[in-house]
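The block underneath contains the structure these notes are about, expressed in structure tokens.
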Amino acid sequence: MKNMLTIISNALCRITGRNVGAQTVSELLIDLSEYVNVTSPPAVPALAQTQAQTQRQPPKPPPVSTRAPAAQLVSAQADQLDTPGTRAVVSRSFADFTSQATFDIKKCDVHRLEEGPPLKAELTREQGLRYYRIMQTVRRMELKADQLYKQKIIRGFCHLYDGQEACAVGIEAAINPSDHLITAYRAHGYTYTRGIAVKEILAELTGRRGGVAKGKGGSMHMYAPHFYGGNGIVGAQVPLGAGIALACQYQGNNQVCVALYGDGAANQGQLFESFNMAALWKLPCIFTCENNQYGMGTSVERASASTDYYKRGDFIPGIRVDGMDVLCVREAFKFAAEHCRSGKGPIVMELKTYRYHGHSMSDPGVSYRTREEIQEVRSKSDPITMLKERMLSNNMASVEEFKEIDIAIRKEVEEAAQYATSDPEPPLEELCNHIFSNDSPLEVRGTNPWARLKSVS
Amino acid sequence: ESLVHWPTQKMNLFQSVTSALDNTLASDPTAVIFGEDVAFGGVFRCTVGLRDKYGKDRVFNTPLCEQGIVGFGIGAAVAGATAIAEIQFADYIYPAFDQIVNEAAKYRYRSGNLFDCGNLTIRAPWGCVGHGSLYHSQSPEAFFAHCPGIKVVIPRSPVQAKGLLLACIADQNPCIFFEPKILYRAAVEQVPVEPYTIPLSQAEILQEGSDVTLVAWGTQIHVMREVANMAQEKLGVSCELIDLQTILPWDTETVCKSVVKTGRLLISHEAPITGGFAAEISSTVQEECFLNLEAPISRVCGYDTPFPHIFEPFYIPDKWKCFEAIKKMINY
């Protein structure tokens with residue numbers, strides 16, 4: 001069957017002059033239908049790089065979603081919700097794109113809740129393309145970081161997020177930019193979804209002055225408005241998250257705080273202290289365990305007496321979510337944010353997800369799990385592939401569009417890497433700056449009584 | 001010393017630690033080793049092979065909870081087991097700070113010698129490593145030096161590491177053993193295979209000299225060796241190099257006797273200068289040897305900043321900074 005696919009696809013390539021063949025049957029059918037269209041009256045050129053908006057209405061337009069733009073993902077290249085499409089659309093005679101579709105999503109296990117998140121999720125074409133773009137950018141950025149690390153341009157500790165993209169993107173789609181988020185050291189994805197450009201992230205990894213923390217923090221210490229990092233000490237960020245939630249409650253601004261941690265951190269004492277305070281004072285805090293099955297090299301069964309991390313809040317309600325499905329994550333977090341905003345107190349989320357890389361760049365990632373396991377997750381549950389396939393099989397986008405997005409992302413990441421490699425390092429004066437907050441420069445004692453440096457803050 | 005004729009094997013620092021632990025598990029049936037990821041051998045390979053050899057009830061992993069690890073270790077030690085706890089990086093020891101300072105250090109004192117946790121030894125990788133940045137490079141010995149009741153020990157090489165670690169394990173007081181992580185692979189020596197101990201609270205004079213006393217510990221000893229050579233070649237200055245080895249309780253006598261002889265003292269460590277352990281040494285020496293001093297005591301240490309990410313080469317007290325300090329002292 002695969003051979004047939006390749007043969008037909010190659011023939012089609014020769015006829016149409018296309019470079020890349022179809023990978024799946026659905027792609028092939030689309031290519032064929034397009035070929036049929038090409039020989040019919042004039043179509044708008046597919047490869048126009050302009051932001052031409054002419055999306056034709058499908059014959060029976062589905063009900064327009066009146067949902068508030070909660071799915072607005074803040075990023076340097078964010079599109080507004082009301083400009084449909086990021087690229088010119090091939091206007092075809094029969095195969096118009098569906099502008100919205102509803103998908104079944106996995107039922108979430110719940111703890112101390114009467115009902116859970118909905119079993120269906122609506123996805124518009126714009127949302128789908130946006131989620132795809134963001135996830136693919138995070139993926140490519142992490143792979144570029146891997147490459148730079150192996151070239152020793154990035155040094156130190158580097159914890160990569162590929163495989164877990166649906167978590168960051170799904171959460172961001174469900175909350176507002178004015179909500180707050182704090183996570184541990186696997187933070188590059190969240191730094192991006194919370195609004196920092198790829199080049200600033202890569203420059204921070206390489207320790208240059210254009211980095212988001214001026215090159216002083218490195219991989220684990222990246223920050224953005226309403227994004228509190230980037231924290232190295234395991235579990236230490238969770239009480240901070242509870243505190244941020246307290247500030248939201250105190251200020252009455254209807255905002256929530258998402259405090260993320262991993263399955264390893266789930267056994268830290270300070271988490272349970274935070275749970276208690278949050279429940280006692282009904283703080284609008286969404287405690288989220290990103291369970292990627294391994295705490296560094298230790299599998300969850302060997303570290304935790306109970307691996308039902310969504311139940312570990314005990315007296316706090318909990319939801320377990322399929323963290324590889326961006327729609328599932330989004331719906332669950334919309335539910336959770338609503339729960340917190342309505343004053344019901346905190347909630348514990350568990351995202352079942354997976355990381356393809358090892359714990360960090362110094363961990364090959366295969367001494368405690370098999371390559372087959374990693375391959376299986378990659379082929380069956382990859383978040384980006386899942387979204388792409390959903391959209392293609394529901395005719396919400398074309399293969400070319402995805403390819404164009406990929407090309408643009410590759411270019412963006414490449415340029416960012418160039419910037420990160422060529423940007424100068426921070427000046428030596430920065431060594432001592434920002435230790436304290438001080439009005440006049442503070443004298444900093446140096447390595448000997450005669451060396452004095454100034455700290456400006 | 002008497003170690004000279006023993007059969008030895010070429011070992012690096014982490015192998016010498018493994019050898020010490022191996023000796024301990026073999027001779028002491030109550031000895032247990034635990035910590036994060038120690039079962040497969042540890043992130044620095046200090047416990048490789050021990051679980052296979054001695055069983056999973058003696059070498060086992062704990063979940064990610066430093067406070068729990070040390071508290072648990074104190075309990076095991078009080079009940080009579082030789083507990084050897086590993087904290088994965090010294091930077092992570094702070095959740096356990098309360099347990100160490102308030103429980104371990106004070107057990108014997110507050111119970112009037114009825115109970116003690118002398119069987120507890122805590123091991124942690126320590127010090128800068130070239131790319132560790134804020135949370136994989138810290139040297140927290142000064143925090144613990146302020147706590148009577150515990151001992152703090154830092155080796156400079158494989159031979160010292162094995163002897164000092166075995167001494168800590170044997171010592172009837174809770175000990176913290178910091179292992180310079182940058183030396184795990186880099187430092188290689190011929191280490192005796194059989195167990196041996198090196199006395200605690202005894203500083204070692206590595207090189208005798210007459211003009212300047214240099215005091216350091218851990219990785220910095222190797223920097224100071226170079227500095228001593230530079231001083232000899234370029235300035236004709238003869239340096240006496242002392243490895244403090246035990247930070248608490250420290251060997252005041254050796255250091256003071258040396259300063260009485262030379263009249264000048266340079267102390268160097270990676271940790272920030274304010275409140276670093278050099279301050280304690282400096283203060284004690286000026287009390288004891290005031291009239292013998294030819295120049296103010298010099299401390300060459302890290303800056304008073306968090307351990308930096310990209311600025312590490314500028315931050316650490318390298319040989320040039322130490323050499324400069326010696327020059328200034330000589331010309332005082």
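Identifiers in the structure tokens: chain A, B, ... in order shown; residue index from 1 per chain; ligand index from 1 in order shown.
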List as a short mmCIF file (atom, residue, chain, number, x, y, z; two decimals) with all heavy atoms, in the first residue's frame the protein and nucleic acid residues near segment 192-204 of chain A, meaning an atom at most 7 Å away when only C-alpha atoms are counted, but skip any in the same chain fewer than 4 places from it.
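The result, stored in selection.cif:
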```cif
data_model
loop_
_atom_site.label_atom_id
_atom_site.label_comp_id
_atom_site.auth_asym_id
_atom_site.auth_seq_id
_atom_site.Cartn_x
_atom_site.Cartn_y
_atom_site.Cartn_z
N LEU A 73 -3.03 33.45 21.87
CA LEU A 73 -1.71 33.10 22.36
C LEU A 73 -0.79 34.28 22.14
O LEU A 73 -0.61 34.74 21.04
CB LEU A 73 -1.17 31.88 21.61
CG LEU A 73 -2.01 30.63 21.80
CD1 LEU A 73 -1.41 29.47 21.03
CD2 LEU A 73 -2.08 30.25 23.27
N VAL A 74 -0.25 34.81 23.19
CA VAL A 74 0.62 35.97 23.07
C VAL A 74 1.97 35.53 22.58
O VAL A 74 2.60 34.69 23.16
CB VAL A 74 0.79 36.65 24.44
CG1 VAL A 74 1.76 37.80 24.34
CG2 VAL A 74 -0.57 37.12 24.94
N SER A 75 2.39 36.10 21.51
CA SER A 75 3.75 35.83 21.07
C SER A 75 4.19 36.98 20.20
O SER A 75 3.38 37.78 19.78
CB SER A 75 3.87 34.51 20.33
OG SER A 75 3.73 34.72 18.96
N ALA A 76 5.44 37.10 19.94
CA ALA A 76 5.95 38.23 19.17
C ALA A 76 5.33 38.27 17.79
O ALA A 76 5.23 39.30 17.17
CB ALA A 76 7.46 38.13 19.08
N ALA A 168 2.29 23.33 27.27
CA ALA A 168 2.48 24.78 27.31
C ALA A 168 1.46 25.50 26.44
O ALA A 168 0.86 26.50 26.84
CB ALA A 168 3.89 25.13 26.83
N VAL A 169 1.23 24.96 25.24
CA VAL A 169 0.34 25.64 24.30
C VAL A 169 -1.11 25.53 24.76
O VAL A 169 -1.87 26.49 24.70
CB VAL A 169 0.53 25.05 22.89
CG1 VAL A 169 -0.44 25.66 21.91
CG2 VAL A 169 1.94 25.31 22.43
N GLU A 172 -1.67 27.93 27.72
CA GLU A 172 -1.71 29.33 27.28
C GLU A 172 -3.00 29.63 26.54
O GLU A 172 -3.54 30.73 26.64
CB GLU A 172 -0.49 29.62 26.39
CG GLU A 172 -0.23 31.08 26.17
CD GLU A 172 0.06 31.85 27.44
OE1 GLU A 172 0.75 31.31 28.31
OE2 GLU A 172 -0.41 32.99 27.55
N HIS A 188 11.86 26.55 28.65
CA HIS A 188 11.97 27.28 27.37
C HIS A 188 10.63 27.41 26.67
O HIS A 188 10.30 28.45 26.11
CB HIS A 188 12.94 26.58 26.42
CG HIS A 188 14.28 26.29 27.03
ND1 HIS A 188 15.12 25.33 26.54
CD2 HIS A 188 14.91 26.82 28.08
CE1 HIS A 188 16.21 25.30 27.27
NE2 HIS A 188 16.12 26.19 28.21
N ARG A 208 24.33 35.63 26.26
CA ARG A 208 24.69 36.88 25.61
C ARG A 208 23.83 38.02 26.12
O ARG A 208 22.78 37.80 26.72
CB ARG A 208 24.52 36.78 24.08
CG ARG A 208 25.23 35.62 23.47
CD ARG A 208 26.73 35.66 23.72
NE ARG A 208 27.35 34.39 23.45
CZ ARG A 208 28.00 34.08 22.33
NH1 ARG A 208 28.13 34.98 21.39
NH2 ARG A 208 28.51 32.88 22.17
N GLY A 210 21.85 39.95 24.67
CA GLY A 210 20.50 40.04 24.11
C GLY A 210 19.54 39.03 24.70
O GLY A 210 18.38 38.97 24.32
N GLY A 211 20.02 38.24 25.62
CA GLY A 211 19.18 37.23 26.24
C GLY A 211 18.12 37.85 27.14
O GLY A 211 18.28 38.97 27.62
N VAL A 212 17.07 37.09 27.39
CA VAL A 212 15.92 37.65 28.11
C VAL A 212 16.30 38.07 29.53
O VAL A 212 15.72 39.00 30.08
CB VAL A 212 14.73 36.66 28.06
CG1 VAL A 212 15.10 35.33 28.69
CG2 VAL A 212 13.52 37.23 28.75
N ALA A 213 17.29 37.42 30.14
CA ALA A 213 17.75 37.82 31.47
C ALA A 213 19.13 38.45 31.38
O ALA A 213 19.93 38.34 32.30
CB ALA A 213 17.77 36.62 32.42
N LYS A 214 19.40 39.11 30.25
CA LYS A 214 20.68 39.78 30.00
C LYS A 214 21.86 38.80 30.02
O LYS A 214 22.99 39.22 30.21
CB LYS A 214 20.96 40.88 31.04
CG LYS A 214 19.88 41.94 31.16
CD LYS A 214 20.35 43.04 32.10
CE LYS A 214 19.38 44.17 32.24
NZ LYS A 214 18.07 43.81 32.77
N GLY A 215 21.59 37.53 29.84
CA GLY A 215 22.69 36.57 29.82
C GLY A 215 23.13 36.14 31.20
O GLY A 215 24.06 35.36 31.35
N GLY A 218 20.74 32.14 32.22
CA GLY A 218 20.94 30.87 31.54
C GLY A 218 19.64 30.12 31.35
O GLY A 218 18.55 30.65 31.49
N SER A 219 19.77 28.83 31.07
CA SER A 219 18.64 28.00 30.68
C SER A 219 17.51 27.99 31.70
O SER A 219 16.32 28.03 31.35
CB SER A 219 19.13 26.58 30.45
OG SER A 219 18.06 25.69 30.42
N ALA A 224 9.35 36.56 31.92
CA ALA A 224 8.55 37.37 31.00
C ALA A 224 7.46 38.02 31.84
O ALA A 224 7.25 37.62 32.98
CB ALA A 224 7.93 36.50 29.92
N PHE A 227 5.24 35.90 33.91
CA PHE A 227 5.87 34.57 33.89
C PHE A 227 7.07 34.64 34.81
O PHE A 227 8.05 35.32 34.54
CB PHE A 227 6.30 34.19 32.47
CG PHE A 227 7.11 32.92 32.42
CD1 PHE A 227 6.62 31.73 32.94
CD2 PHE A 227 8.37 32.90 31.82
CE1 PHE A 227 7.36 30.56 32.89
CE2 PHE A 227 9.12 31.74 31.76
CZ PHE A 227 8.62 30.57 32.29
N VAL A 413 14.00 30.23 13.51
CA VAL A 413 14.89 29.61 14.50
C VAL A 413 16.35 29.73 14.06
O VAL A 413 17.24 29.98 14.86
CB VAL A 413 14.49 28.14 14.73
CG1 VAL A 413 15.52 27.41 15.56
CG2 VAL A 413 13.14 28.07 15.41
N ALA A 416 17.46 33.16 14.73
CA ALA A 416 17.63 33.32 16.18
C ALA A 416 18.95 32.70 16.63
O ALA A 416 19.67 33.27 17.46
CB ALA A 416 16.47 32.68 16.91
N ALA A 417 19.27 31.54 16.07
CA ALA A 417 20.52 30.89 16.45
C ALA A 417 21.71 31.73 16.01
O ALA A 417 22.71 31.85 16.73
CB ALA A 417 20.59 29.50 15.83
N TYR A 419 21.74 34.96 15.71
CA TYR A 419 21.80 36.07 16.66
C TYR A 419 22.43 35.62 17.96
O TYR A 419 23.31 36.29 18.51
CB TYR A 419 20.37 36.58 16.88
CG TYR A 419 20.26 37.64 17.94
CD1 TYR A 419 20.64 38.95 17.69
CD2 TYR A 419 19.74 37.33 19.20
CE1 TYR A 419 20.52 39.93 18.66
CE2 TYR A 419 19.62 38.30 20.17
CZ TYR A 419 20.00 39.60 19.90
OH TYR A 419 19.89 40.56 20.87
N ALA A 420 21.99 34.47 18.44
CA ALA A 420 22.47 33.99 19.74
C ALA A 420 23.95 33.68 19.70
O ALA A 420 24.65 33.77 20.71
CB ALA A 420 21.69 32.73 20.15
#
```
Using the chain letters and numbers from this document, which residues of segment 203-245 of chain A does DSSP assign to alpha helix (DSSP H), as an mmCIF file with C-alpha atoms, in the first residue's frame?
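Output (result27.cif):
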```cif
data_model
loop_
_atom_site.group_PDB
_atom_site.id
_atom_site.type_symbol
_atom_site.label_atom_id
_atom_site.label_comp_id
_atom_site.auth_asym_id
_atom_site.auth_seq_id
_atom_site.Cartn_x
_atom_site.Cartn_y
_atom_site.Cartn_z
ATOM 1 C CA ALA A 203 20.657 34.247 23.376
ATOM 2 C CA GLU A 204 19.964 33.606 27.055
ATOM 3 C CA LEU A 205 21.039 30.001 26.584
ATOM 4 C CA GLN A 237 8.496 27.448 42.772
ATOM 5 C CA VAL A 238 5.234 25.994 44.088
ATOM 6 C CA PRO A 239 4.957 28.018 47.308
ATOM 7 C CA LEU A 240 5.835 31.029 45.153
ATOM 8 C CA GLY A 241 2.913 30.170 42.896
ATOM 9 C CA ALA A 242 0.604 29.995 45.879
ATOM 10 C CA GLY A 243 1.840 33.417 46.940
ATOM 11 C CA ILE A 244 1.163 34.863 43.507
ATOM 12 C CA ALA A 245 -2.354 33.442 43.731
#
```
### Task
Considering only C-alpha atoms, return as a count of residues only whatever protein or nucleic-acid residues lie within 9 Å of segment 127-143 of chain B, sequence-local ones (same chain, fewer than 2 positions apart) excluded.
46
Based on only C-alpha atoms, which of the residues in chain A come within 9 Å of chain B? I want them as a compact mmCIF listing (two decimals) with N, CA, C and O atoms, in the first residue's frame.
```
# COMPACT_ATOMS: atom_id res chain seq x y z
N ARG A 155 26.43 26.04 27.00
CA ARG A 155 27.11 25.19 27.99
C ARG A 155 26.29 25.17 29.26
O ARG A 155 25.36 25.96 29.43
N GLY A 156 26.69 24.31 30.15
CA GLY A 156 25.99 24.27 31.42
C GLY A 156 24.84 23.31 31.35
O GLY A 156 24.93 22.24 30.79
N PHE A 157 23.74 23.68 31.94
CA PHE A 157 22.62 22.78 32.05
C PHE A 157 21.50 23.22 31.11
O PHE A 157 21.19 24.39 31.02
N THR A 206 22.87 30.98 25.34
CA THR A 206 24.29 31.14 25.04
C THR A 206 24.94 32.18 25.93
O THR A 206 26.14 32.41 25.82
N GLY A 207 24.17 32.81 26.80
CA GLY A 207 24.73 33.75 27.76
C GLY A 207 25.15 35.08 27.15
O GLY A 207 26.19 35.62 27.50
N ARG A 208 24.33 35.63 26.26
CA ARG A 208 24.69 36.88 25.61
C ARG A 208 23.83 38.02 26.12
O ARG A 208 22.78 37.80 26.72
N GLY A 215 21.59 37.53 29.84
CA GLY A 215 22.69 36.57 29.82
C GLY A 215 23.13 36.14 31.20
O GLY A 215 24.06 35.36 31.35
N LYS A 216 22.45 36.62 32.24
CA LYS A 216 22.91 36.34 33.60
C LYS A 216 22.25 35.11 34.20
O LYS A 216 22.66 34.61 35.23
N GLY A 217 21.19 34.63 33.56
CA GLY A 217 20.46 33.52 34.17
C GLY A 217 20.74 32.17 33.55
O GLY A 217 20.93 31.19 34.23
N GLY A 218 20.74 32.14 32.22
CA GLY A 218 20.94 30.87 31.54
C GLY A 218 19.64 30.12 31.35
O GLY A 218 18.55 30.65 31.49
N GLY A 232 15.48 26.82 39.50
CA GLY A 232 16.38 25.67 39.52
C GLY A 232 16.10 24.68 40.62
O GLY A 232 16.23 23.48 40.43
N ILE A 233 15.73 25.16 41.78
CA ILE A 233 15.56 24.25 42.92
C ILE A 233 14.19 23.56 42.80
O ILE A 233 13.17 24.21 42.72
N VAL A 234 14.23 22.26 42.82
CA VAL A 234 13.02 21.48 42.55
C VAL A 234 11.96 21.71 43.61
O VAL A 234 12.20 21.53 44.79
N GLY A 264 8.82 14.41 39.78
CA GLY A 264 9.85 14.30 40.82
C GLY A 264 9.58 15.25 41.96
O GLY A 264 9.66 14.90 43.13
N ALA A 265 9.21 16.48 41.61
CA ALA A 265 8.96 17.50 42.63
C ALA A 265 7.73 17.18 43.44
O ALA A 265 7.55 17.72 44.54
N ALA A 266 6.86 16.32 42.92
CA ALA A 266 5.60 16.03 43.62
C ALA A 266 5.84 15.44 44.99
O ALA A 266 4.92 15.37 45.80
N ASN A 267 7.09 15.00 45.26
CA ASN A 267 7.37 14.43 46.58
C ASN A 267 8.07 15.40 47.51
O ASN A 267 8.52 15.03 48.59
N GLN A 268 8.18 16.66 47.11
CA GLN A 268 8.81 17.66 47.97
C GLN A 268 7.81 18.13 49.02
O GLN A 268 6.64 18.36 48.72
N GLY A 269 8.30 18.31 50.24
CA GLY A 269 7.44 18.72 51.34
C GLY A 269 6.76 20.06 51.13
O GLY A 269 5.61 20.25 51.50
N GLY A 295 11.39 11.16 36.83
CA GLY A 295 12.04 12.25 37.54
C GLY A 295 13.53 12.07 37.32
O GLY A 295 14.16 11.27 38.00
N MET A 296 14.10 12.77 36.37
CA MET A 296 15.46 12.52 35.90
C MET A 296 15.52 11.08 35.43
O MET A 296 14.99 10.75 34.40
N GLY A 297 16.17 10.18 36.18
CA GLY A 297 16.23 8.81 35.69
C GLY A 297 15.35 7.86 36.45
O GLY A 297 15.37 6.65 36.21
N THR A 298 14.55 8.38 37.36
CA THR A 298 13.74 7.51 38.21
C THR A 298 12.31 7.50 37.72
O THR A 298 11.67 8.54 37.64
N ARG A 302 8.92 4.15 40.99
CA ARG A 302 10.00 3.94 41.96
C ARG A 302 10.20 5.12 42.88
O ARG A 302 11.01 5.08 43.79
N ALA A 303 9.49 6.22 42.61
CA ALA A 303 9.70 7.41 43.44
C ALA A 303 8.50 7.74 44.31
O ALA A 303 8.65 8.35 45.37
N SER A 304 7.30 7.38 43.85
CA SER A 304 6.10 7.84 44.53
C SER A 304 5.27 6.69 45.05
O SER A 304 4.99 5.75 44.32
N GLU A 425 28.81 39.07 24.54
CA GLU A 425 28.52 38.69 25.92
C GLU A 425 28.26 39.94 26.75
O GLU A 425 28.68 41.03 26.38
N PRO A 426 27.59 39.78 27.88
CA PRO A 426 27.33 40.98 28.69
C PRO A 426 28.63 41.57 29.21
O PRO A 426 29.61 40.85 29.42
N LEU A 428 31.47 43.21 31.71
CA LEU A 428 31.90 42.73 33.03
C LEU A 428 31.19 43.45 34.17
O LEU A 428 30.98 42.88 35.23
N GLU A 430 28.21 43.95 34.53
CA GLU A 430 26.98 43.24 34.86
C GLU A 430 27.20 42.20 35.95
O GLU A 430 26.24 41.76 36.59
N LEU A 431 28.44 41.78 36.16
CA LEU A 431 28.72 40.76 37.17
C LEU A 431 28.11 41.12 38.51
O LEU A 431 27.53 40.30 39.20
N CYS A 432 28.25 42.39 38.86
CA CYS A 432 27.82 42.79 40.20
C CYS A 432 26.48 43.50 40.22
O CYS A 432 25.97 43.80 41.28
N ASN A 433 25.91 43.80 39.06
CA ASN A 433 24.66 44.55 39.08
C ASN A 433 23.50 43.70 39.55
O ASN A 433 23.49 42.50 39.41
N ILE A 435 22.29 42.94 42.56
CA ILE A 435 22.32 42.05 43.72
C ILE A 435 21.24 42.51 44.69
O ILE A 435 20.41 41.75 45.16
N VAL A 444 30.83 46.56 45.98
CA VAL A 444 30.83 45.10 46.18
C VAL A 444 32.25 44.67 46.46
O VAL A 444 33.16 44.98 45.69
N ARG A 445 32.43 43.96 47.56
CA ARG A 445 33.78 43.52 47.88
C ARG A 445 34.19 42.45 46.90
O ARG A 445 33.42 41.58 46.54
N GLY A 446 35.42 42.55 46.52
CA GLY A 446 35.90 41.66 45.48
C GLY A 446 36.82 40.60 46.02
O GLY A 446 36.81 40.29 47.19
N THR A 447 37.59 40.05 45.14
CA THR A 447 38.39 38.90 45.51
C THR A 447 39.55 39.25 46.42
O THR A 447 40.14 38.39 47.02
N ASN A 448 39.88 40.52 46.53
CA ASN A 448 40.90 40.90 47.50
C ASN A 448 40.57 42.31 47.97
O ASN A 448 39.73 42.98 47.38
N PRO A 449 41.20 42.75 49.05
CA PRO A 449 40.80 44.03 49.64
C PRO A 449 40.94 45.22 48.69
O PRO A 449 40.37 46.26 48.92
N TRP A 450 41.72 45.08 47.61
CA TRP A 450 41.93 46.23 46.74
C TRP A 450 41.00 46.21 45.54
O TRP A 450 40.95 47.16 44.80
N LEU A 453 34.17 46.49 43.14
CA LEU A 453 33.32 46.69 41.98
C LEU A 453 32.05 47.38 42.42
O LEU A 453 31.68 47.37 43.58
```
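Excluding Gln164 of chain A and any residue on its chain fewer than 4 positions from it, the residues at most 8 Å away by only C-alpha atoms are Ala168, Gly323, Met324, Thr353, Tyr354, Arg355 and Pro383 of chain A.
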Any chance you can output those residues with N, CA, C and O atoms as a PDB file, in the first residue's frame?
```pdb
ATOM      1  N   ALA A 168       2.287  23.331  27.267  1.00  0.00           N
ATOM      2  CA  ALA A 168       2.484  24.785  27.308  1.00  0.00           C
ATOM      3  C   ALA A 168       1.459  25.498  26.439  1.00  0.00           C
ATOM      4  O   ALA A 168       0.864  26.496  26.836  1.00  0.00           O
ATOM      5  N   GLY A 323      -1.934  14.943  28.429  1.00  0.00           N
ATOM      6  CA  GLY A 323      -1.073  16.079  28.133  1.00  0.00           C
ATOM      7  C   GLY A 323      -0.483  16.091  26.733  1.00  0.00           C
ATOM      8  O   GLY A 323       0.262  16.998  26.386  1.00  0.00           O
ATOM      9  N   MET A 324      -0.791  15.075  25.947  1.00  0.00           N
ATOM     10  CA  MET A 324      -0.267  15.058  24.575  1.00  0.00           C
ATOM     11  C   MET A 324      -1.279  15.631  23.590  1.00  0.00           C
ATOM     12  O   MET A 324      -1.005  15.795  22.413  1.00  0.00           O
ATOM     13  N   THR A 353       2.243  13.429  30.206  1.00  0.00           N
ATOM     14  CA  THR A 353       2.955  13.817  29.002  1.00  0.00           C
ATOM     15  C   THR A 353       4.245  13.011  28.897  1.00  0.00           C
ATOM     16  O   THR A 353       4.441  12.036  29.640  1.00  0.00           O
ATOM     17  N   TYR A 354       5.131  13.413  27.980  1.00  0.00           N
ATOM     18  CA  TYR A 354       6.344  12.632  27.740  1.00  0.00           C
ATOM     19  C   TYR A 354       7.410  13.538  27.163  1.00  0.00           C
ATOM     20  O   TYR A 354       7.101  14.420  26.362  1.00  0.00           O
ATOM     21  N   ARG A 355       8.651  13.330  27.581  1.00  0.00           N
ATOM     22  CA  ARG A 355       9.723  14.113  26.974  1.00  0.00           C
ATOM     23  C   ARG A 355      10.601  13.187  26.141  1.00  0.00           C
ATOM     24  O   ARG A 355      10.949  12.097  26.549  1.00  0.00           O
ATOM     25  N   PRO A 383       2.263  15.319  19.959  1.00  0.00           N
ATOM     26  CA  PRO A 383       1.216  16.343  19.983  1.00  0.00           C
ATOM     27  C   PRO A 383       1.074  17.114  18.673  1.00  0.00           C
ATOM     28  O   PRO A 383      -0.037  17.459  18.270  1.00  0.00           O
TER      29      PRO A 383
END
```
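For the atom pair formed by atom CA of Ile281 of chain B and atom CA of Ile221 of chain B, the distance is 16.1 Å, given to one decimal.
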### Message
Just to confirm, what's the straight-line distance from atom CA of Ile122 of chain B to atom CA of Pro249 of chain B in Å (one decimal)?
### Response
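So the two atoms, atom CA of Ile122 of chain B and atom CA of Pro249 of chain B, lie 16.4 Å apart.
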### Message
List the spatial neighbours of Ala259 of chain A as a ChimeraX atom specification - criterion: any atom at most 7 Å away, only C-alpha atoms, same-chain residues fewer than 4 positions off excluded.
### Response
/A:181-183,238,241,285-288
### Task
Pick out each residue of segment 63-255 of chain B that DSSP on the backbone tags as strand (DSSP E or B); I need them as a PyMOL selection string.
chain B and resi 82-86+120-126+151-153+175-180+188-192+204-207+212-216+239-243+246-248
